[in-house]
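Step one of this worksheet: look at the structure below.
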Amino acid sequence: MKIAEQFNDDGFAILRGVFSIAEIGAMERELARCIRDVVPDLKPGDVFYEDAPGKPIKSIFRLEQRSEFFRQLLEEERLLTLMRDIFAGADVRRVGVGFFGKAARSGSVTPPHQDNAFQNLAPPEELVATIAIDESTPANGALTVQRGTHKLGTLPHRPSGVMGFSQTLIEPVDTRQYPEVQLCLKPGDVCLHHTNTIHRSDGNQTGKSRRQLALQYRSAQAQRDPAAWERYQEEVRKLHAAHGLSPSR
């Protein structure tokens, strides 16, 4: 089955060995540079930290605005070829690059959610291409998706109280009808998930980190619902005000 067909059927797909070990090494070096030189100057809301000793980084947003390397990664032809296949007949928009980490022994839980609860797109023609920097396993918090839930539309969410992942589903979706799949990856693998695919992840209690880059792409047909976006922004403002931060997620 073609990747686009699998993605459209299941709401996710895994591509093995897309990037070489040398290419992953280059991503690691640029990420380290950004953490050293860029992150200290980021405004609250663009970077989130774990509530754990040492305050390891949980997530960074909009890396493409701070790094030519990551801006060019969004233009990677191996990924764009897939996007054109999935979003057939529509121009592909390069949205952004983020970093999501689960530090050794302190990576926290990510609550179940759909990305479109944050993005508020109609039609919901967007996906995230996640590049594994480290091995991703059940023990260190592998991304867990529910197969087929992208076909349910955007479901009701509520504030989660979790910084960096401020929305979570109000009601869980039956895992018997929509089974969970853990996306276990090796460095260089890429997984794709639809903006309406329900996903979550457990914490990391192992001695190894689980770092991933997340590249967002969407169809040019996808437009933001301004009313839904403002409702979401108001919820985020309340959460972040309680923590002394500006809105982000």
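Following the order of the structure tokens, chains are lettered A, B, ..., residues in each are numbered from 1, and ligands are numbered from 1.
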
Checklist line | Expected answer as a count of residues only: strand (DSSP E) residues in range 79-247 of chain A | finding: 63

Enumerate, in order of chain and increasing residue number, the residues of range 28-96 of chain A with an atom no farther than 10 Å from range 121-126 of chain A, each with its shortest atom pair and distance in Å to one decimal, counting only C-alpha atoms, as CSV.
residue,atom,partner,partner_atom,distance
A:Met83,CA,A:Glu126,CA,9.6
A:Ile86,CA,A:Glu125,CA,9.4
A:Phe87,CA,A:Glu125,CA,7.6
A:Ala90,CA,A:Glu125,CA,10.0
A:Val92,CA,A:Glu126,CA,9.5
A:Arg93,CA,A:Glu126,CA,9.2
A:Val95,CA,A:Glu126,CA,9.4

Could those selected residues go to a file with C-alpha atoms, as a tab-separated table (two decimals), in the first residue's frame?
chain	number	residue	atom	x	y	z
A	83	MET	CA	3.04	15.88	1.17
A	86	ILE	CA	-1.16	13.11	0.48
A	87	PHE	CA	-2.57	16.56	-0.29
A	90	ALA	CA	-3.58	21.29	-3.45
A	92	VAL	CA	1.50	22.37	0.24
A	93	ARG	CA	2.17	24.96	2.93
A	95	VAL	CA	3.98	25.62	8.59

Item checked: CA of Gln167 in chain A to CA of Ser209 in chain A, straight-line distance in Å -> 24.3 Å

Notebook entry, point to check: For Arg16 in chain A, which of A:Val145, A:Val190, A:Ala32, A:Ala104 is the closest residue, counting only C-alpha atoms?
Noted result: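 The answer is A:Val190, which sits nearest to Arg16 in chain A.
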
Next item on the list: Work out how far CA of Leu143 in chain A is from CA of Cys191 in chain A, in Å to one decimal.
Entry: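 Pair CA of Cys191 in chain A / CA of Leu143 in chain A returns 9.4 Å.
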
Check: Can you list, as a PyMOL selection string, every protein, DNA or RNA residue that comes within 10 Å of Lys151 in chain A when you count only C-alpha atoms, leaving out same-chain residues fewer than 5 positions away?
Finding: chain A and resi 8-11+194+196-197

Margin query: Please compute the CA of Val97 in chain A-CA of Ile60 in chain A distance, one decimal, in Å.
Written below: 8.7 Å

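Considering only C-alpha atoms, the residue among A:Gln216, A:Gln146, A:Ile3, A:Thr206 positioned nearest to Arg62 in chain A is A:Gln216.
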
Check: Which of range 59-105 of chain A counts as helix (DSSP H, G or I) under DSSP, as a ChimeraX atom specification please?
Finding: /A:63-65,68-74,77-86

Output file for the selection above: C-alpha atoms, as an mmCIF file, in the first residue's frame:
data_model
loop_
_atom_site.group_PDB
_atom_site.id
_atom_site.type_symbol
_atom_site.label_atom_id
_atom_site.label_comp_id
_atom_site.auth_asym_id
_atom_site.auth_seq_id
_atom_site.Cartn_x
_atom_site.Cartn_y
_atom_site.Cartn_z
ATOM 1 C CA LEU A 63 12.538 26.705 15.118
ATOM 2 C CA GLU A 64 12.402 27.538 11.402
ATOM 3 C CA GLN A 65 12.270 31.227 12.369
ATOM 4 C CA GLU A 68 18.249 28.435 8.507
ATOM 5 C CA PHE A 69 19.069 24.746 8.911
ATOM 6 C CA PHE A 70 15.566 23.969 10.187
ATOM 7 C CA ARG A 71 13.951 26.271 7.621
ATOM 8 C CA GLN A 72 15.651 24.265 4.904
ATOM 9 C CA LEU A 73 14.585 21.001 6.561
ATOM 10 C CA LEU A 74 10.967 22.035 5.884
ATOM 11 C CA GLU A 77 12.245 17.036 -1.042
ATOM 12 C CA ARG A 78 11.826 13.558 0.447
ATOM 13 C CA LEU A 79 9.149 15.008 2.728
ATOM 14 C CA LEU A 80 7.583 17.368 0.210
ATOM 15 C CA THR A 81 7.095 14.514 -2.263
ATOM 16 C CA LEU A 82 5.017 12.740 0.383
ATOM 17 C CA MET A 83 3.043 15.879 1.168
ATOM 18 C CA ARG A 84 2.156 16.418 -2.489
ATOM 19 C CA ASP A 85 0.963 12.837 -2.681
ATOM 20 C CA ILE A 86 -1.156 13.108 0.476
#

Check: Of the candidates A:Thr195, A:Thr137, A:Gln182, A:Gln223, which one gets nearest to Lys208 in chain A if we count only C-alpha atoms?
Finding: A:Thr137

Check: Quick one: residues within 10 Å of Pro172 in chain A, only C-alpha atoms counted, chain neighbours fewer than 4 positions away excluded, as a PyMOL selection string?
Finding: chain A and resi 112-113+155+168+198

How about saving the chosen residues, N, CA and C atoms kept, as a short mmCIF file (atom, residue, chain, number, x, y, z; two decimals), in the first residue's frame?
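The resulting file, part22.cif, is reproduced below:
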data_model
loop_
_atom_site.label_atom_id
_atom_site.label_comp_id
_atom_site.auth_asym_id
_atom_site.auth_seq_id
_atom_site.Cartn_x
_atom_site.Cartn_y
_atom_site.Cartn_z
N PRO A 112 -4.17 12.82 25.93
CA PRO A 112 -4.76 12.52 24.62
C PRO A 112 -5.43 13.75 24.02
N HIS A 113 -5.13 14.00 22.75
CA HIS A 113 -5.68 15.19 22.09
C HIS A 113 -5.61 15.02 20.58
N LEU A 155 -13.07 16.59 17.77
CA LEU A 155 -13.92 16.28 18.91
C LEU A 155 -13.80 17.35 19.99
N THR A 168 -7.10 18.74 26.01
CA THR A 168 -7.25 17.28 26.05
C THR A 168 -8.69 16.93 25.76
N ILE A 198 -6.24 11.12 17.11
CA ILE A 198 -6.02 11.20 18.56
C ILE A 198 -4.68 10.57 18.89
#

Notebook entry, point to check: Which is closer to Ile133 in chain A than all the others in A:Ala117, A:Ile24, A:Val38, A:Leu183, using only C-alpha atoms?
Noted result: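 That would be A:Ile24, the residue with the smallest distance to Ile133 in chain A.
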
Notebook entry, point to check: Residues at most 8 Å from Asp134 in chain A, counting only C-alpha atoms, excluding those fewer than 2 positions away in the same chain, as a list in words?
Noted result: Ala132, Ser136, Lys186, Pro187, Ser209, Arg210, Arg211 and Gln212 of chain A

Save the residues we just selected, C-alpha atoms, as a PDB file, in the first residue's frame?
ATOM      1  CA  ALA A 132      13.069  10.454  15.434  1.00  0.00           C
ATOM      2  CA  SER A 136      11.320   5.754  20.586  1.00  0.00           C
ATOM      3  CA  LYS A 186      14.590   4.249  15.269  1.00  0.00           C
ATOM      4  CA  PRO A 187      16.733   7.349  14.648  1.00  0.00           C
ATOM      5  CA  SER A 209      16.065  10.590  26.248  1.00  0.00           C
ATOM      6  CA  ARG A 210      13.374  10.542  23.562  1.00  0.00           C
ATOM      7  CA  ARG A 211      13.883  13.533  21.256  1.00  0.00           C
ATOM      8  CA  GLN A 212      11.885  14.272  18.121  1.00  0.00           C
TER       9      GLN A 212
END

Next item on the list: Could you check which of A:Asp37, A:Asp51, A:Glu5, A:Asp91 is closest to Arg66 in chain A, using only C-alpha atoms?
Entry: A:Asp37
